[in-house]
file run_20.pdb (PDB, C-alpha atoms and all ligand atoms)
ATOM      1  CA  MET A   1     -48.831  70.417 -81.220  1.00  0.00           C
ATOM      2  CA  LEU A   2     -52.431  69.818 -82.300  1.00  0.00           C
ATOM      3  CA  PRO A   3     -54.403  67.287 -80.275  1.00  0.00           C
ATOM      4  CA  SER A   4     -54.873  63.873 -81.905  1.00  0.00           C
ATOM      5  CA  TRP A   5     -58.294  62.775 -83.095  1.00  0.00           C
ATOM      6  CA  THR A   6     -58.940  60.765 -79.918  1.00  0.00           C
ATOM      7  CA  GLU A   7     -57.726  63.629 -77.740  1.00  0.00           C
ATOM      8  CA  ASN A   8     -59.983  65.894 -79.758  1.00  0.00           C
ATOM      9  CA  GLN A   9     -62.956  63.612 -79.141  1.00  0.00           C
ATOM     10  CA  GLU A  10     -62.071  63.527 -75.466  1.00  0.00           C
ATOM     11  CA  LEU A  11     -61.827  67.335 -75.324  1.00  0.00           C
ATOM     12  CA  ARG A  12     -65.142  67.656 -77.133  1.00  0.00           C
ATOM     13  CA  SER A  13     -66.926  65.236 -74.826  1.00  0.00           C
ATOM     14  CA  MET A  14     -65.369  66.901 -71.756  1.00  0.00           C
ATOM     15  CA  SER A  15     -67.027  70.147 -72.760  1.00  0.00           C
ATOM     16  CA  GLU A  16     -70.425  68.585 -73.489  1.00  0.00           C
ATOM     17  CA  LYS A  17     -73.214  68.564 -70.980  1.00  0.00           C
ATOM     18  CA  PRO A  18     -73.726  65.233 -69.219  1.00  0.00           C
ATOM     19  CA  ARG A  19     -76.681  63.324 -70.609  1.00  0.00           C
ATOM     20  CA  LEU A  20     -78.959  61.439 -68.225  1.00  0.00           C
ATOM     21  CA  ILE A  21     -80.963  58.532 -69.590  1.00  0.00           C
ATOM     22  CA  TYR A  22     -83.714  57.293 -67.301  1.00  0.00           C
ATOM     23  CA  PHE A  23     -87.461  57.462 -66.718  1.00  0.00           C
ATOM     24  CA  ASN A  24     -89.167  60.826 -66.336  1.00  0.00           C
ATOM     25  CA  GLY A  25     -89.288  60.427 -62.579  1.00  0.00           C
ATOM     26  CA  ARG A  26     -87.109  60.274 -59.505  1.00  0.00           C
ATOM     27  CA  GLY A  27     -86.049  56.666 -58.966  1.00  0.00           C
ATOM     28  CA  ARG A  28     -82.319  56.018 -58.804  1.00  0.00           C
ATOM     29  CA  MET A  29     -81.509  58.986 -61.049  1.00  0.00           C
ATOM     30  CA  GLU A  30     -82.829  61.653 -58.707  1.00  0.00           C
ATOM     31  CA  SER A  31     -79.672  61.681 -56.558  1.00  0.00           C
ATOM     32  CA  VAL A  32     -77.626  62.246 -59.725  1.00  0.00           C
ATOM     33  CA  ARG A  33     -79.829  65.222 -60.604  1.00  0.00           C
ATOM     34  CA  TRP A  34     -79.382  66.603 -57.080  1.00  0.00           C
ATOM     35  CA  LEU A  35     -75.607  66.222 -57.144  1.00  0.00           C
ATOM     36  CA  LEU A  36     -75.187  67.816 -60.574  1.00  0.00           C
ATOM     37  CA  ALA A  37     -77.495  70.660 -59.568  1.00  0.00           C
ATOM     38  CA  ALA A  38     -75.512  71.224 -56.363  1.00  0.00           C
ATOM     39  CA  ALA A  39     -72.322  71.318 -58.449  1.00  0.00           C
ATOM     40  CA  ARG A  40     -74.035  73.811 -60.786  1.00  0.00           C
ATOM     41  CA  VAL A  41     -73.601  71.514 -63.754  1.00  0.00           C
ATOM     42  CA  GLU A  42     -76.209  71.746 -66.472  1.00  0.00           C
ATOM     43  CA  PHE A  43     -77.350  68.462 -67.970  1.00  0.00           C
ATOM     44  CA  GLU A  44     -79.604  67.019 -70.631  1.00  0.00           C
ATOM     45  CA  GLU A  45     -82.112  64.266 -70.116  1.00  0.00           C
ATOM     46  CA  ILE A  46     -83.578  61.539 -72.267  1.00  0.00           C
ATOM     47  CA  PHE A  47     -86.657  59.939 -70.809  1.00  0.00           C
ATOM     48  CA  LEU A  48     -87.421  56.287 -71.372  1.00  0.00           C
ATOM     49  CA  ASP A  49     -91.038  55.898 -72.242  1.00  0.00           C
ATOM     50  CA  THR A  50     -91.158  52.734 -74.292  1.00  0.00           C
ATOM     51  CA  ARG A  51     -89.716  49.240 -74.055  1.00  0.00           C
ATOM     52  CA  GLU A  52     -88.200  49.728 -77.543  1.00  0.00           C
ATOM     53  CA  GLN A  53     -85.961  52.570 -76.316  1.00  0.00           C
ATOM     54  CA  TYR A  54     -84.681  50.385 -73.481  1.00  0.00           C
ATOM     55  CA  VAL A  55     -84.125  47.316 -75.682  1.00  0.00           C
ATOM     56  CA  LYS A  56     -82.242  49.484 -78.179  1.00  0.00           C
ATOM     57  CA  LEU A  57     -79.895  50.691 -75.431  1.00  0.00           C
ATOM     58  CA  ILE A  58     -79.224  47.091 -74.437  1.00  0.00           C
ATOM     59  CA  LYS A  59     -78.658  46.008 -78.051  1.00  0.00           C
ATOM     60  CA  ASP A  60     -76.261  48.833 -78.856  1.00  0.00           C
ATOM     61  CA  GLY A  61     -74.176  47.954 -75.780  1.00  0.00           C
ATOM     62  CA  SER A  62     -74.874  51.141 -73.829  1.00  0.00           C
ATOM     63  CA  LEU A  63     -75.998  49.381 -70.658  1.00  0.00           C
ATOM     64  CA  MET A  64     -73.162  47.375 -69.110  1.00  0.00           C
ATOM     65  CA  PHE A  65     -75.541  45.355 -66.894  1.00  0.00           C
ATOM     66  CA  GLN A  66     -78.725  45.914 -68.917  1.00  0.00           C
ATOM     67  CA  GLN A  67     -79.869  48.421 -66.313  1.00  0.00           C
ATOM     68  CA  VAL A  68     -80.460  52.136 -66.051  1.00  0.00           C
ATOM     69  CA  PRO A  69     -79.543  54.792 -64.829  1.00  0.00           C
ATOM     70  CA  LEU A  70     -77.182  55.570 -67.698  1.00  0.00           C
ATOM     71  CA  VAL A  71     -75.170  58.786 -67.673  1.00  0.00           C
ATOM     72  CA  GLU A  72     -73.035  59.880 -70.601  1.00  0.00           C
ATOM     73  CA  ILE A  73     -70.286  62.007 -69.174  1.00  0.00           C
ATOM     74  CA  ASP A  74     -66.750  62.895 -70.263  1.00  0.00           C
ATOM     75  CA  GLY A  75     -66.823  60.373 -73.094  1.00  0.00           C
ATOM     76  CA  MET A  76     -68.005  57.528 -70.854  1.00  0.00           C
ATOM     77  CA  LYS A  77     -71.286  55.673 -70.702  1.00  0.00           C
ATOM     78  CA  MET A  78     -71.604  55.263 -66.976  1.00  0.00           C
ATOM     79  CA  VAL A  79     -73.975  52.879 -65.222  1.00  0.00           C
ATOM     80  CA  GLN A  80     -74.305  51.896 -61.544  1.00  0.00           C
ATOM     81  CA  THR A  81     -75.696  54.778 -59.548  1.00  0.00           C
ATOM     82  CA  ARG A  82     -72.971  54.783 -56.931  1.00  0.00           C
ATOM     83  CA  ALA A  83     -70.195  54.849 -59.529  1.00  0.00           C
ATOM     84  CA  ILE A  84     -71.901  57.744 -61.300  1.00  0.00           C
ATOM     85  CA  LEU A  85     -72.354  59.688 -58.080  1.00  0.00           C
ATOM     86  CA  SER A  86     -68.827  59.141 -56.842  1.00  0.00           C
ATOM     87  CA  TYR A  87     -67.403  60.246 -60.202  1.00  0.00           C
ATOM     88  CA  ILE A  88     -69.430  63.466 -60.053  1.00  0.00           C
ATOM     89  CA  ALA A  89     -68.580  64.009 -56.385  1.00  0.00           C
ATOM     90  CA  GLY A  90     -64.869  63.520 -57.088  1.00  0.00           C
ATOM     91  CA  LYS A  91     -64.896  65.716 -60.165  1.00  0.00           C
ATOM     92  CA  TYR A  92     -66.681  68.626 -58.494  1.00  0.00           C
ATOM     93  CA  ASN A  93     -64.891  68.581 -55.158  1.00  0.00           C
ATOM     94  CA  LEU A  94     -67.784  67.141 -53.178  1.00  0.00           C
ATOM     95  CA  TYR A  95     -65.884  64.082 -51.963  1.00  0.00           C
ATOM     96  CA  GLY A  96     -63.823  65.342 -49.007  1.00  0.00           C
ATOM     97  CA  LYS A  97     -60.201  66.434 -48.830  1.00  0.00           C
ATOM     98  CA  ASP A  98     -58.557  63.146 -47.845  1.00  0.00           C
ATOM     99  CA  LEU A  99     -59.181  59.405 -47.543  1.00  0.00           C
ATOM    100  CA  LYS A 100     -60.619  59.641 -44.039  1.00  0.00           C
ATOM    101  CA  GLU A 101     -63.135  62.290 -45.057  1.00  0.00           C
ATOM    102  CA  ARG A 102     -64.061  60.125 -48.015  1.00  0.00           C
ATOM    103  CA  ALA A 103     -64.544  57.152 -45.710  1.00  0.00           C
ATOM    104  CA  PHE A 104     -67.081  59.118 -43.670  1.00  0.00           C
ATOM    105  CA  ILE A 105     -68.811  60.453 -46.745  1.00  0.00           C
ATOM    106  CA  ASP A 106     -69.067  56.859 -48.020  1.00  0.00           C
ATOM    107  CA  MET A 107     -70.537  55.597 -44.741  1.00  0.00           C
ATOM    108  CA  TYR A 108     -73.075  58.403 -44.570  1.00  0.00           C
ATOM    109  CA  VAL A 109     -74.021  58.036 -48.231  1.00  0.00           C
ATOM    110  CA  GLU A 110     -74.495  54.260 -47.938  1.00  0.00           C
ATOM    111  CA  GLY A 111     -76.758  54.678 -44.914  1.00  0.00           C
ATOM    112  CA  ILE A 112     -78.803  57.336 -46.697  1.00  0.00           C
ATOM    113  CA  THR A 113     -78.976  55.124 -49.782  1.00  0.00           C
ATOM    114  CA  ASP A 114     -80.414  52.244 -47.728  1.00  0.00           C
ATOM    115  CA  LEU A 115     -83.192  54.524 -46.475  1.00  0.00           C
ATOM    116  CA  MET A 116     -83.679  56.026 -49.931  1.00  0.00           C
ATOM    117  CA  HIS A 117     -84.004  52.567 -51.432  1.00  0.00           C
ATOM    118  CA  MET A 118     -87.016  51.883 -49.197  1.00  0.00           C
ATOM    119  CA  ILE A 119     -88.541  55.154 -50.391  1.00  0.00           C
ATOM    120  CA  LEU A 120     -87.941  54.548 -54.076  1.00  0.00           C
ATOM    121  CA  MET A 121     -89.382  51.024 -53.908  1.00  0.00           C
ATOM    122  CA  PHE A 122     -92.441  52.205 -51.970  1.00  0.00           C
ATOM    123  CA  PRO A 123     -94.608  53.141 -55.000  1.00  0.00           C
ATOM    124  CA  PHE A 124     -94.113  49.616 -56.342  1.00  0.00           C
ATOM    125  CA  SER A 125     -95.333  47.897 -53.195  1.00  0.00           C
ATOM    126  CA  PRO A 126     -98.697  46.108 -53.461  1.00  0.00           C
ATOM    127  CA  PRO A 127    -101.668  48.019 -51.984  1.00  0.00           C
ATOM    128  CA  GLU A 128    -101.948  45.667 -49.018  1.00  0.00           C
ATOM    129  CA  ALA A 129     -98.294  46.309 -48.053  1.00  0.00           C
ATOM    130  CA  LYS A 130     -98.362  50.113 -48.406  1.00  0.00           C
ATOM    131  CA  GLU A 131     -99.358  50.964 -44.836  1.00  0.00           C
ATOM    132  CA  LYS A 132     -96.760  48.635 -43.348  1.00  0.00           C
ATOM    133  CA  ASN A 133     -94.014  49.881 -45.675  1.00  0.00           C
ATOM    134  CA  LEU A 134     -94.802  53.515 -44.962  1.00  0.00           C
ATOM    135  CA  ALA A 135     -94.662  52.868 -41.227  1.00  0.00           C
ATOM    136  CA  LEU A 136     -91.316  51.112 -41.697  1.00  0.00           C
ATOM    137  CA  ILE A 137     -89.840  54.070 -43.598  1.00  0.00           C
ATOM    138  CA  THR A 138     -90.887  56.466 -40.836  1.00  0.00           C
ATOM    139  CA  GLU A 139     -89.651  54.116 -38.130  1.00  0.00           C
ATOM    140  CA  ARG A 140     -86.248  53.613 -39.774  1.00  0.00           C
ATOM    141  CA  ALA A 141     -85.824  57.329 -40.475  1.00  0.00           C
ATOM    142  CA  THR A 142     -86.740  58.259 -36.900  1.00  0.00           C
ATOM    143  CA  HIS A 143     -84.927  55.542 -34.994  1.00  0.00           C
ATOM    144  CA  ARG A 144     -82.032  54.423 -37.152  1.00  0.00           C
ATOM    145  CA  TYR A 145     -80.912  57.019 -39.702  1.00  0.00           C
ATOM    146  CA  PHE A 146     -81.860  60.552 -38.606  1.00  0.00           C
ATOM    147  CA  PRO A 147     -80.416  60.145 -35.068  1.00  0.00           C
ATOM    148  CA  VAL A 148     -77.029  59.392 -36.643  1.00  0.00           C
ATOM    149  CA  PHE A 149     -77.025  62.623 -38.636  1.00  0.00           C
ATOM    150  CA  GLU A 150     -78.456  64.662 -35.750  1.00  0.00           C
ATOM    151  CA  LYS A 151     -75.596  63.476 -33.535  1.00  0.00           C
ATOM    152  CA  ALA A 152     -72.964  63.870 -36.249  1.00  0.00           C
ATOM    153  CA  LEU A 153     -73.939  67.491 -36.928  1.00  0.00           C
ATOM    154  CA  LYS A 154     -74.047  68.297 -33.224  1.00  0.00           C
ATOM    155  CA  GLN A 155     -70.684  66.735 -32.391  1.00  0.00           C
ATOM    156  CA  HIS A 156     -68.964  68.024 -35.485  1.00  0.00           C
ATOM    157  CA  GLY A 157     -70.211  71.560 -34.789  1.00  0.00           C
ATOM    158  CA  GLN A 158     -69.915  72.616 -38.442  1.00  0.00           C
ATOM    159  CA  ASP A 159     -72.563  73.488 -40.964  1.00  0.00           C
ATOM    160  CA  PHE A 160     -71.866  70.282 -42.865  1.00  0.00           C
ATOM    161  CA  LEU A 161     -71.465  66.587 -42.074  1.00  0.00           C
ATOM    162  CA  VAL A 162     -67.798  66.185 -43.030  1.00  0.00           C
ATOM    163  CA  GLY A 163     -64.979  68.740 -42.825  1.00  0.00           C
ATOM    164  CA  ASN A 164     -66.191  72.294 -43.115  1.00  0.00           C
ATOM    165  CA  GLN A 165     -67.478  72.295 -46.634  1.00  0.00           C
ATOM    166  CA  VAL A 166     -70.476  70.842 -48.407  1.00  0.00           C
ATOM    167  CA  SER A 167     -70.079  67.280 -49.658  1.00  0.00           C
ATOM    168  CA  TRP A 168     -71.966  64.550 -51.488  1.00  0.00           C
ATOM    169  CA  ALA A 169     -73.212  63.307 -48.079  1.00  0.00           C
ATOM    170  CA  ASP A 170     -74.904  66.655 -47.331  1.00  0.00           C
ATOM    171  CA  ILE A 171     -76.644  66.718 -50.689  1.00  0.00           C
ATOM    172  CA  GLN A 172     -77.984  63.179 -50.270  1.00  0.00           C
ATOM    173  CA  LEU A 173     -79.032  63.887 -46.696  1.00  0.00           C
ATOM    174  CA  MET A 174     -81.002  66.902 -47.880  1.00  0.00           C
ATOM    175  CA  GLU A 175     -82.646  64.790 -50.588  1.00  0.00           C
ATOM    176  CA  VAL A 176     -83.696  62.064 -48.168  1.00  0.00           C
ATOM    177  CA  ILE A 177     -84.951  64.517 -45.526  1.00  0.00           C
ATOM    178  CA  LEU A 178     -87.322  66.081 -48.056  1.00  0.00           C
ATOM    179  CA  ALA A 179     -88.404  62.667 -49.341  1.00  0.00           C
ATOM    180  CA  VAL A 180     -89.266  61.399 -45.845  1.00  0.00           C
ATOM    181  CA  GLU A 181     -91.011  64.664 -44.976  1.00  0.00           C
ATOM    182  CA  GLU A 182     -93.255  64.247 -48.004  1.00  0.00           C
ATOM    183  CA  LYS A 183     -94.499  61.023 -46.426  1.00  0.00           C
ATOM    184  CA  THR A 184     -94.400  62.048 -42.765  1.00  0.00           C
ATOM    185  CA  PRO A 185     -94.423  65.856 -42.502  1.00  0.00           C
ATOM    186  CA  ALA A 186     -93.624  65.991 -38.769  1.00  0.00           C
ATOM    187  CA  VAL A 187     -90.651  63.651 -38.964  1.00  0.00           C
ATOM    188  CA  LEU A 188     -88.048  66.332 -38.099  1.00  0.00           C
ATOM    189  CA  LEU A 189     -89.805  67.519 -34.922  1.00  0.00           C
ATOM    190  CA  ALA A 190     -87.363  65.733 -32.633  1.00  0.00           C
ATOM    191  CA  PHE A 191     -84.291  66.680 -34.705  1.00  0.00           C
ATOM    192  CA  PRO A 192     -83.336  70.363 -34.229  1.00  0.00           C
ATOM    193  CA  GLN A 193     -79.933  69.949 -35.896  1.00  0.00           C
ATOM    194  CA  LEU A 194     -81.561  68.458 -38.974  1.00  0.00           C
ATOM    195  CA  GLN A 195     -84.133  71.255 -39.077  1.00  0.00           C
ATOM    196  CA  ALA A 196     -81.344  73.865 -39.037  1.00  0.00           C
ATOM    197  CA  PHE A 197     -79.366  71.839 -41.597  1.00  0.00           C
ATOM    198  CA  LYS A 198     -82.387  71.749 -43.905  1.00  0.00           C
ATOM    199  CA  THR A 199     -82.793  75.527 -43.667  1.00  0.00           C
ATOM    200  CA  ARG A 200     -79.082  76.123 -44.371  1.00  0.00           C
ATOM    201  CA  MET A 201     -79.069  73.766 -47.317  1.00  0.00           C
ATOM    202  CA  SER A 202     -82.294  75.224 -48.755  1.00  0.00           C
ATOM    203  CA  ASN A 203     -80.637  78.633 -48.750  1.00  0.00           C
ATOM    204  CA  MET A 204     -77.596  77.583 -50.746  1.00  0.00           C
ATOM    205  CA  PRO A 205     -78.130  79.271 -54.127  1.00  0.00           C
ATOM    206  CA  ALA A 206     -77.691  76.102 -56.219  1.00  0.00           C
ATOM    207  CA  ILE A 207     -80.054  74.111 -53.985  1.00  0.00           C
ATOM    208  CA  LYS A 208     -82.523  76.964 -53.793  1.00  0.00           C
ATOM    209  CA  LYS A 209     -82.656  77.011 -57.576  1.00  0.00           C
ATOM    210  CA  PHE A 210     -83.114  73.230 -57.758  1.00  0.00           C
ATOM    211  CA  LEU A 211     -86.013  73.426 -55.296  1.00  0.00           C
ATOM    212  CA  GLN A 212     -87.857  75.987 -57.377  1.00  0.00           C
ATOM    213  CA  PRO A 213     -90.576  74.970 -59.843  1.00  0.00           C
ATOM    214  CA  GLY A 214     -89.296  74.406 -63.356  1.00  0.00           C
ATOM    215  CA  SER A 215     -85.985  72.856 -62.250  1.00  0.00           C
ATOM    216  CA  PRO A 216     -85.006  69.303 -63.335  1.00  0.00           C
ATOM    217  CA  ARG A 217     -86.115  68.014 -59.921  1.00  0.00           C
ATOM    218  CA  LYS A 218     -88.816  65.427 -60.398  1.00  0.00           C
ATOM    219  CA  PRO A 219     -92.147  65.311 -58.555  1.00  0.00           C
ATOM    220  CA  PRO A 220     -93.098  62.453 -56.222  1.00  0.00           C
ATOM    221  CA  PRO A 221     -93.847  59.284 -58.189  1.00  0.00           C
ATOM    222  CA  ASP A 222     -97.423  58.878 -59.387  1.00  0.00           C
ATOM    223  CA  ASP A 223     -99.340  56.026 -61.035  1.00  0.00           C
ATOM    224  CA  HIS A 224     -98.183  57.068 -64.499  1.00  0.00           C
ATOM    225  CA  TYR A 225     -94.526  56.851 -63.439  1.00  0.00           C
ATOM    226  CA  VAL A 226     -95.058  53.421 -61.884  1.00  0.00           C
ATOM    227  CA  SER A 227     -96.838  52.022 -64.932  1.00  0.00           C
ATOM    228  CA  THR A 228     -94.194  53.446 -67.301  1.00  0.00           C
ATOM    229  CA  VAL A 229     -91.359  51.821 -65.349  1.00  0.00           C
ATOM    230  CA  LEU A 230     -93.189  48.489 -65.258  1.00  0.00           C
ATOM    231  CA  LYS A 231     -93.980  48.693 -68.964  1.00  0.00           C
ATOM    232  CA  VAL A 232     -90.422  49.606 -70.021  1.00  0.00           C
ATOM    233  CA  LEU A 233     -88.715  46.989 -67.856  1.00  0.00           C
ATOM    234  CA  ALA A 234     -91.286  44.215 -68.267  1.00  0.00           C
ATOM    235  CA  GLU A 235     -90.029  41.179 -70.142  1.00  0.00           C
ATOM    236  CA  GLU A 236     -92.336  39.750 -72.770  1.00  0.00           C
TER
HETATM  237  N1  LIG B 301     -77.081  48.571 -58.917  1.00  0.00           N
HETATM  238  C1  LIG B 301     -77.764  49.281 -59.966  1.00  0.00           C
HETATM  239  C2  LIG B 301     -79.209  48.847 -60.013  1.00  0.00           C
HETATM  240  C3  LIG B 301     -79.909  49.480 -61.202  1.00  0.00           C
HETATM  241  C4  LIG B 301     -81.349  48.995 -61.369  1.00  0.00           C
HETATM  242  O1  LIG B 301     -81.807  48.068 -60.669  1.00  0.00           O
HETATM  243  N2  LIG B 301     -82.032  49.637 -62.312  1.00  0.00           N
HETATM  244  C5  LIG B 301     -83.377  49.250 -62.655  1.00  0.00           C
HETATM  245  C6  LIG B 301     -84.215  50.473 -62.976  1.00  0.00           C
HETATM  246  S1  LIG B 301     -84.219  51.624 -61.623  1.00  0.00           S
HETATM  247  C7  LIG B 301     -83.283  48.397 -63.895  1.00  0.00           C
HETATM  248  O2  LIG B 301     -82.700  48.805 -64.880  1.00  0.00           O
HETATM  249  N3  LIG B 301     -83.860  47.200 -63.846  1.00  0.00           N
HETATM  250  C8  LIG B 301     -83.884  46.290 -64.940  1.00  0.00           C
HETATM  251  C9  LIG B 301     -83.161  45.010 -64.635  1.00  0.00           C
HETATM  252  O3  LIG B 301     -82.528  44.905 -63.567  1.00  0.00           O
HETATM  253  O4  LIG B 301     -83.226  44.106 -65.458  1.00  0.00           O
HETATM  254  C10 LIG B 301     -77.635  50.783 -59.734  1.00  0.00           C
HETATM  255  O5  LIG B 301     -77.543  51.182 -58.567  1.00  0.00           O
HETATM  256  O6  LIG B 301     -77.602  51.550 -60.688  1.00  0.00           O
END

call {"tool": "encode", "arguments": {"input": "run_20.pdb", "output": "structure tokens", "more": "lines below"}}
Ligand SMILES: N[C@@H](CCC(=O)N[C@@H](CS)C(=O)NCC(=O)O)C(=O)O
result
Amino acid sequence: MLPSWTENQELRSMSEKPRLIYFNGRGRMESVRWLLAAARVEFEEIFLDTREQYVKLIKDGSLMFQQVPLVEIDGMKMVQTRAILSYIAGKYNLYGKDLKERAFIDMYVEGITDLMHMILMFPFSPPEAKEKNLALITERATHRYFPVFEKALKQHGQDFLVGNQVSWADIQLMEVILAVEEKTPAVLLAFPQLQAFKTRMSNMPAIKKFLQPGSPRKPPPDDHYVSTVLKVLAEE
């Protein structure tokens, strides 16, 4: 039997590349880019550069909570970064093999996200708060978050954080390690497990490709990125 029109639409959208709608910079979308790259999924991007583009998305009902990131995938318009990431992780077998593995992946990912949130807000901090905020990122990475992953990798004795295969948690850990190192290059000195983890992850073909110039990975935020975000989101 031929598929119905709706099934046809569904089949068509299932075979289309995901489309990422966000600013031309890291922000909350960067973890989505990392996860898709790790899953070897090609994607398209639309960059928001003007307030008009953003208002249009709100008016046409694309943004459930009037916020980006927006990812069009499998016929859905997905918002909320965590929902997007967990859908991708589930779809591409990066979300553990059972509920308990998922529970650990969730805990690790939430911790990493808390640290990442400090990093992604950093460029928007006022000049007089920059030094303090940078010190706080380094302090939290060194004393709260990285020790957890150092211990987890050591006790678990596997190449990866959960089970014996790569998961969403590993990809986000790799992303945050590189982001903290950009700010504090020596931050891994006291973490031999994390150093070895970083080397292993960097050598995975999909990650290696993503780390090469010309990939969809975005550079560290600069003044242009900050002013674009403020301009697009600013209310009149
Ligand atoms: N919980 C949401 C937060 C999204 C969010 O705050 N997005 C910002 C841009 S990075 C935004 O659209 N802000 C506009 C607003 O909140 O009105 C998520 O994780 O996706």

call {"tool": "residues_near_ligand", "arguments": {"input": "run_20.pdb", "ligand": "ligand LIG 301 (chain B)", "cutoff": "12 Å", "atoms": "only C-alpha atoms and all ligand atoms", "output": "PyMOL selection string"}}
result
chain A and resi 21-32+48+51+54-55+57-58+63-71+78-86+110+113-114+116-117+120-121+124+225-226+228-235

call {"tool": "resolve_selection", "arguments": {"input": "run_20.pdb", "expression": "the PyMOL selection byres (((chain A and resi 19) around 8) and not hetatm)", "output": "ChimeraX atom specification"}}
result
/A:17-18,20-21,43-46,71-73

call {"tool": "atom_distance", "arguments": {"input": "run_20.pdb", "atom1": "atom CA of A:Arg144", "atom2": "atom CA of A:Trp168"}}
result
20.2 Å

call {"tool": "atom_distance", "arguments": {"input": "run_20.pdb", "atom1": "atom CA of A:Ala39", "atom2": "atom CA of A:Ala179"}}
result
20.4 Å

call {"tool": "closest_residue", "arguments": {"input": "run_20.pdb", "among": "A:Phe197, A:Gln172, A:Pro185, A:Lys209", "to": "A:Met107", "atoms": "only C-alpha atoms"}}
result
A:Gln172

call {"tool": "closest_residue", "arguments": {"input": "run_20.pdb", "among": "A:Ala152, A:Ile119, A:Met174, A:Ile112", "to": "A:Met204", "atoms": "all atoms listed in the file"}}
result
A:Met174

call {"tool": "closest_atom_pairs", "arguments": {"input": "run_20.pdb", "of": "stretch 125-178 of chain A", "to": "stretch 100-106 of chain A", "cutoff": "8 Å", "atoms": "only C-alpha atoms", "output": "tab-separated table"}}
result
residue	atom	partner	partner_atom	distance
A:Val162	CA	A:Glu101	CA	6.4
A:Gly163	CA	A:Glu101	CA	7.1
A:Ser167	CA	A:Ile105	CA	7.5
A:Trp168	CA	A:Ile105	CA	7.0
A:Ala169	CA	A:Ile105	CA	5.4

call {"tool": "atom_distance", "arguments": {"input": "run_20.pdb", "atom1": "atom CA of A:Lys77", "atom2": "atom CA of A:Leu99"}}
result
26.4 Å

call {"tool": "resolve_selection", "arguments": {"input": "run_20.pdb", "expression": "the PyMOL selection byres (((chain A and resi 41) around 10) and not hetatm)", "output": "PyMOL selection string"}}
result
chain A and resi 17-18+33+35-40+42-43+88+92+206

call {"tool": "write_last_selection", "arguments": {"input": "run_20.pdb", "atoms": "C-alpha atoms", "output": "PDB file, in the coordinates of the input"}}
result
ATOM      1  CA  LYS A  17     -73.214  68.564 -70.980  1.00  0.00           C
ATOM      2  CA  PRO A  18     -73.726  65.233 -69.219  1.00  0.00           C
ATOM      3  CA  ARG A  33     -79.829  65.222 -60.604  1.00  0.00           C
ATOM      4  CA  LEU A  35     -75.607  66.222 -57.144  1.00  0.00           C
ATOM      5  CA  LEU A  36     -75.187  67.816 -60.574  1.00  0.00           C
ATOM      6  CA  ALA A  37     -77.495  70.660 -59.568  1.00  0.00           C
ATOM      7  CA  ALA A  38     -75.512  71.224 -56.363  1.00  0.00           C
ATOM      8  CA  ALA A  39     -72.322  71.318 -58.449  1.00  0.00           C
ATOM      9  CA  ARG A  40     -74.035  73.811 -60.786  1.00  0.00           C
ATOM     10  CA  GLU A  42     -76.209  71.746 -66.472  1.00  0.00           C
ATOM     11  CA  PHE A  43     -77.350  68.462 -67.970  1.00  0.00           C
ATOM     12  CA  ILE A  88     -69.430  63.466 -60.053  1.00  0.00           C
ATOM     13  CA  TYR A  92     -66.681  68.626 -58.494  1.00  0.00           C
ATOM     14  CA  ALA A 206     -77.691  76.102 -56.219  1.00  0.00           C
TER      15      ALA A 206
END

call {"tool": "closest_residue", "arguments": {"input": "run_20.pdb", "among": "A:Lys208, A:Pro192, A:Ala135, A:Met118", "to": "A:Lys151", "atoms": "all atoms listed in the file"}}
result
A:Pro192

call {"tool": "residues_around", "arguments": {"input": "run_20.pdb", "residues": "A:Pro147", "least_positions_apart": "6", "cutoff": "10 Å", "atoms": "all atoms listed in the file", "output": "PDB file with C-alpha atoms, in the frame of the given file"}}
result
ATOM      1  CA  ARG A 140     -86.248  53.613 -39.774  1.00  0.00           C
ATOM      2  CA  ALA A 141     -85.824  57.329 -40.475  1.00  0.00           C
ATOM      3  CA  LEU A 153     -73.939  67.491 -36.928  1.00  0.00           C
ATOM      4  CA  ALA A 190     -87.363  65.733 -32.633  1.00  0.00           C
ATOM      5  CA  PHE A 191     -84.291  66.680 -34.705  1.00  0.00           C
ATOM      6  CA  GLN A 193     -79.933  69.949 -35.896  1.00  0.00           C
ATOM      7  CA  LEU A 194     -81.561  68.458 -38.974  1.00  0.00           C
TER       8      LEU A 194
END

call {"tool": "resolve_selection", "arguments": {"input": "run_20.pdb", "expression": "the PyMOL selection byres (((chain A and resi 181) around 12) and not hetatm)", "output": "short mmCIF file (atom, residue, chain, number, x, y, z; two decimals) with C-alpha atoms, keeping the file's coordinate frame"}}
result
data_model
loop_
_atom_site.label_atom_id
_atom_site.label_comp_id
_atom_site.auth_asym_id
_atom_site.auth_seq_id
_atom_site.Cartn_x
_atom_site.Cartn_y
_atom_site.Cartn_z
CA ILE A 119 -88.54 55.15 -50.39
CA LEU A 134 -94.80 53.52 -44.96
CA ILE A 137 -89.84 54.07 -43.60
CA THR A 138 -90.89 56.47 -40.84
CA ALA A 141 -85.82 57.33 -40.48
CA THR A 142 -86.74 58.26 -36.90
CA PHE A 146 -81.86 60.55 -38.61
CA MET A 174 -81.00 66.90 -47.88
CA GLU A 175 -82.65 64.79 -50.59
CA VAL A 176 -83.70 62.06 -48.17
CA ILE A 177 -84.95 64.52 -45.53
CA LEU A 178 -87.32 66.08 -48.06
CA ALA A 179 -88.40 62.67 -49.34
CA VAL A 180 -89.27 61.40 -45.84
CA GLU A 182 -93.26 64.25 -48.00
CA LYS A 183 -94.50 61.02 -46.43
CA THR A 184 -94.40 62.05 -42.76
CA PRO A 185 -94.42 65.86 -42.50
CA ALA A 186 -93.62 65.99 -38.77
CA VAL A 187 -90.65 63.65 -38.96
CA LEU A 188 -88.05 66.33 -38.10
CA LEU A 189 -89.80 67.52 -34.92
CA LEU A 194 -81.56 68.46 -38.97
CA GLN A 195 -84.13 71.26 -39.08
CA LYS A 198 -82.39 71.75 -43.90
CA PRO A 220 -93.10 62.45 -56.22
#
